[in-house]
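For reference, the structure discussed in these notes is given below.
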Amino acid sequence: MLERHIEALIFSATSPISKVELQKCLSDALKAPVNEAAIEEALTHLLAKYEDEQYSFQIFHLGGGYQFLTKASYQPIITSLLKQYAKKRLSTATLETLAIITYKQPITKTEIEQIRGVGCDYTIQKLLEKELIQIKGKAEALGKPILYGTSPKFLAYLGINDLKDLPTPKDFSKEYQEIGQEKKKGYSLVLQ
């Protein structure tokens with residue numbers, strides 16, 4: 001019975017649901033404490049159950065929680081559907097801002113603007129609306145500026161559990177490490 005409740009919670013969740021959230025929901029609904037070991041056992045059975053070929057979806061552990069997702073072998077048909085429902089992609093400016101936040105977090109808007117060389121109010125607002133970044137607190141600097149960092153939704157979107165799973169700058173070839181060029185007094189400066 002616990003397995004079915006957990007299955008229903010994972011199915012209903014709009015983002016990965018953590019073990020802690022599962023335990024709170026189950027304890028609340030069942031009006032009794034639910035053992036963490038019982039949740040672990042049920043999750044193990046559910047993960048194995050949905051690996052079977054009869055299902056086109058399975059439960060994945062990502063973003064610090066569990067979520068039903070379509071299996072990779074169905075990617076072409078899902079891609080076809082997503083093309084029909086495609087939302088506007090992130091602009092280059094938004095992707096640049098997201099990359100800076102990802103690798104430099106926690107970071108203030110002023111620091112992002114210093115790196116990019118342009119204002120980023122709009123891009124930060126869009127990233128907050130899409131829930132790819134979140135406010136992490138306030139810096140101890142003058143004026144207590146807001147600190148930004150990536151969100152659990154960002155991790156889930158990339159299909160990873162931790163920022164440590166991202167490639168490091170040294171993993172990129174030299175040509176991809178160049179983020180811009182500036183010509184000054186006849187010299188070409190590559191910013192890295």
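We label chains A, B, ... in the order they appear in the structure tokens, count residues from 1 in each chain, and number ligands from 1 in the order shown.
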Sorted per-residue table, stretch 59-105 of chain A near stretch 9-33 of chain A, closest atoms and distance, 12 Å, only C-alpha atoms, as a Markdown table:
```
| residue | atom | partner | partner_atom | distance |
| --- | --- | --- | --- | --- |
| A:Ile59 | CA | A:Ile10 | CA | 8.2 |
| A:Phe60 | CA | A:Pro16 | CA | 8.6 |
| A:His61 | CA | A:Pro16 | CA | 7.8 |
| A:Leu62 | CA | A:Pro16 | CA | 6.8 |
| A:Gly63 | CA | A:Pro16 | CA | 6.4 |
| A:Gly64 | CA | A:Ser18 | CA | 6.0 |
| A:Gly65 | CA | A:Ser18 | CA | 3.9 |
| A:Tyr66 | CA | A:Pro16 | CA | 4.7 |
| A:Gln67 | CA | A:Pro16 | CA | 4.7 |
| A:Phe68 | CA | A:Phe11 | CA | 6.2 |
| A:Leu69 | CA | A:Phe11 | CA | 9.5 |
```
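By chain and then residue number, the residues within 12 Å of A:Tyr55 are Leu47, Ala48, Lys49, Tyr50, Phe68, Leu69, Thr70, Lys71, Ala72, Ser73 and Tyr74 of chain A, counting only C-alpha atoms and disregarding those fewer than 5 positions away in sequence.
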Problem set entry | atom CA of A:Gln54 to atom CA of A:Met1, straight-line distance in Å |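 Answer for the atom CA of A:Met1 to atom CA of A:Gln54 separation: 21.9 Å.
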Exercise. Interatomic distance between atom CA of A:Tyr157 and atom CA of A:Phe57?
Worked result: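 Interatomic distance here is 16.6 Å.
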Exercise. How would you write, as a PyMOL selection string, the set of residues in stretch 28-144 of chain A that DSSP gives as alpha helix (DSSP H)?
Worked result: chain A and resi 28-30+36-49+75-85+92-104+109-116+121-129
Those residues you just picked out, can you put them in a file as a short mmCIF file (atom, residue, chain, number, x, y, z; two decimals), in the first residue's frame with C-alpha atoms?
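Here's the written file out32.cif:
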```cif
data_model
loop_
_atom_site.label_atom_id
_atom_site.label_comp_id
_atom_site.auth_asym_id
_atom_site.auth_seq_id
_atom_site.Cartn_x
_atom_site.Cartn_y
_atom_site.Cartn_z
CA ASP A 28 0.34 13.66 7.14
CA ALA A 29 -2.02 11.61 4.96
CA LEU A 30 -1.72 8.38 6.96
CA GLU A 36 12.41 6.14 6.26
CA ALA A 37 13.56 2.54 5.65
CA ALA A 38 10.05 1.63 4.43
CA ILE A 39 10.16 4.55 1.98
CA GLU A 40 13.60 3.41 0.76
CA GLU A 41 12.33 -0.14 0.22
CA ALA A 42 9.23 1.06 -1.66
CA LEU A 43 11.36 3.34 -3.85
CA THR A 44 13.70 0.43 -4.66
CA HIS A 45 10.72 -1.70 -5.78
CA LEU A 46 9.24 1.15 -7.82
CA LEU A 47 12.54 1.94 -9.55
CA ALA A 48 12.90 -1.74 -10.52
CA LYS A 49 9.24 -2.03 -11.57
CA GLN A 75 12.91 10.55 -27.38
CA PRO A 76 12.16 10.91 -31.14
CA ILE A 77 8.39 10.84 -30.65
CA ILE A 78 8.58 13.20 -27.67
CA THR A 79 10.80 15.57 -29.69
CA SER A 80 8.09 15.67 -32.32
CA LEU A 81 5.53 16.65 -29.70
CA LEU A 82 7.79 19.24 -28.13
CA LYS A 83 8.40 20.90 -31.48
CA GLN A 84 4.66 21.48 -31.70
CA TYR A 85 4.53 22.98 -28.22
CA THR A 92 22.03 34.21 -26.02
CA ALA A 93 22.15 36.93 -23.35
CA THR A 94 20.04 34.81 -21.01
CA LEU A 95 22.21 31.73 -21.60
CA GLU A 96 25.36 33.76 -20.94
CA THR A 97 23.90 35.10 -17.69
CA LEU A 98 22.80 31.59 -16.64
CA ALA A 99 26.28 30.20 -17.35
CA ILE A 100 27.91 32.94 -15.27
CA ILE A 101 25.53 32.31 -12.38
CA THR A 102 26.06 28.54 -12.65
CA TYR A 103 29.84 28.68 -12.44
CA LYS A 104 30.28 31.70 -10.14
CA LYS A 109 23.88 41.27 -10.24
CA THR A 110 26.74 43.78 -10.24
CA GLU A 111 29.31 40.98 -10.52
CA ILE A 112 27.37 39.43 -13.42
CA GLU A 113 27.21 42.80 -15.16
CA GLN A 114 30.97 43.29 -14.68
CA ILE A 115 31.65 39.94 -16.34
CA ARG A 116 29.17 40.46 -19.20
CA ASP A 121 18.07 43.14 -15.06
CA TYR A 122 15.82 41.68 -17.76
CA THR A 123 17.74 38.39 -18.10
CA ILE A 124 17.83 37.82 -14.35
CA GLN A 125 14.09 38.49 -14.16
CA LYS A 126 13.42 35.96 -16.96
CA LEU A 127 15.60 33.32 -15.27
CA LEU A 128 13.76 33.89 -11.98
CA GLU A 129 10.38 33.59 -13.76
#
```
Seminar exercise, completed: re atom CA of A:Lys153 and atom CA of A:Lys130: distance 9.0 Å
For this session: Would you mind telling me which residue in A:Ala156, A:Cys120, A:Asp52, A:Tyr148 lies nearest to A:Ile133 when using only C-alpha atoms?
Result: A:Tyr148
Problem set entry | DSSP-assigned strand (DSSP E) members of chain A, reported as a ChimeraX atom specification | /A:57-62,65-70,107-108,133-138,146-150,181-184,187-190
Residues from the last selection, C-alpha atoms, saved as a short mmCIF file (atom, residue, chain, number, x, y, z; two decimals), in the first residue's frame:
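The result, written out as again08.cif:
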```
data_model
loop_
_atom_site.label_atom_id
_atom_site.label_comp_id
_atom_site.auth_asym_id
_atom_site.auth_seq_id
_atom_site.Cartn_x
_atom_site.Cartn_y
_atom_site.Cartn_z
CA PHE A 57 8.35 5.88 -18.70
CA GLN A 58 10.24 5.27 -15.49
CA ILE A 59 11.15 6.91 -12.21
CA PHE A 60 14.41 8.84 -12.29
CA HIS A 61 16.42 10.12 -9.33
CA LEU A 62 17.45 13.68 -10.24
CA GLY A 65 14.27 13.86 -5.77
CA TYR A 66 12.24 11.38 -7.80
CA GLN A 67 10.24 12.05 -10.95
CA PHE A 68 8.49 10.10 -13.69
CA LEU A 69 10.07 10.75 -17.08
CA THR A 70 9.76 9.17 -20.50
CA ILE A 107 26.94 35.96 -7.31
CA THR A 108 25.46 39.47 -7.29
CA ILE A 133 17.79 30.54 -10.70
CA GLN A 134 16.82 31.60 -7.22
CA ILE A 135 17.80 34.14 -4.61
CA LYS A 136 20.39 32.59 -2.29
CA GLY A 137 20.62 35.42 0.23
CA LYS A 138 22.31 38.77 0.58
CA ILE A 146 21.08 40.01 -3.55
CA LEU A 147 23.01 36.80 -4.27
CA TYR A 148 21.80 34.54 -7.08
CA GLY A 149 22.38 30.84 -7.68
CA THR A 150 20.88 27.98 -9.66
CA GLN A 181 37.45 39.44 -27.90
CA GLU A 182 38.35 43.05 -27.46
CA LYS A 183 40.66 44.95 -29.83
CA LYS A 184 42.70 47.65 -28.17
CA TYR A 187 46.18 44.07 -30.05
CA SER A 188 43.51 41.37 -29.86
CA LEU A 189 42.71 40.52 -26.28
CA VAL A 190 40.97 37.22 -25.54
#
```
For this session: Considering only C-alpha atoms, state which residue in the set A:Ala139, A:Gln105, A:Pro145, A:Ser91 is at the smallest distance from A:Leu163.
Result: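 The shortest atom-to-atom distance to A:Leu163 comes from A:Gln105.
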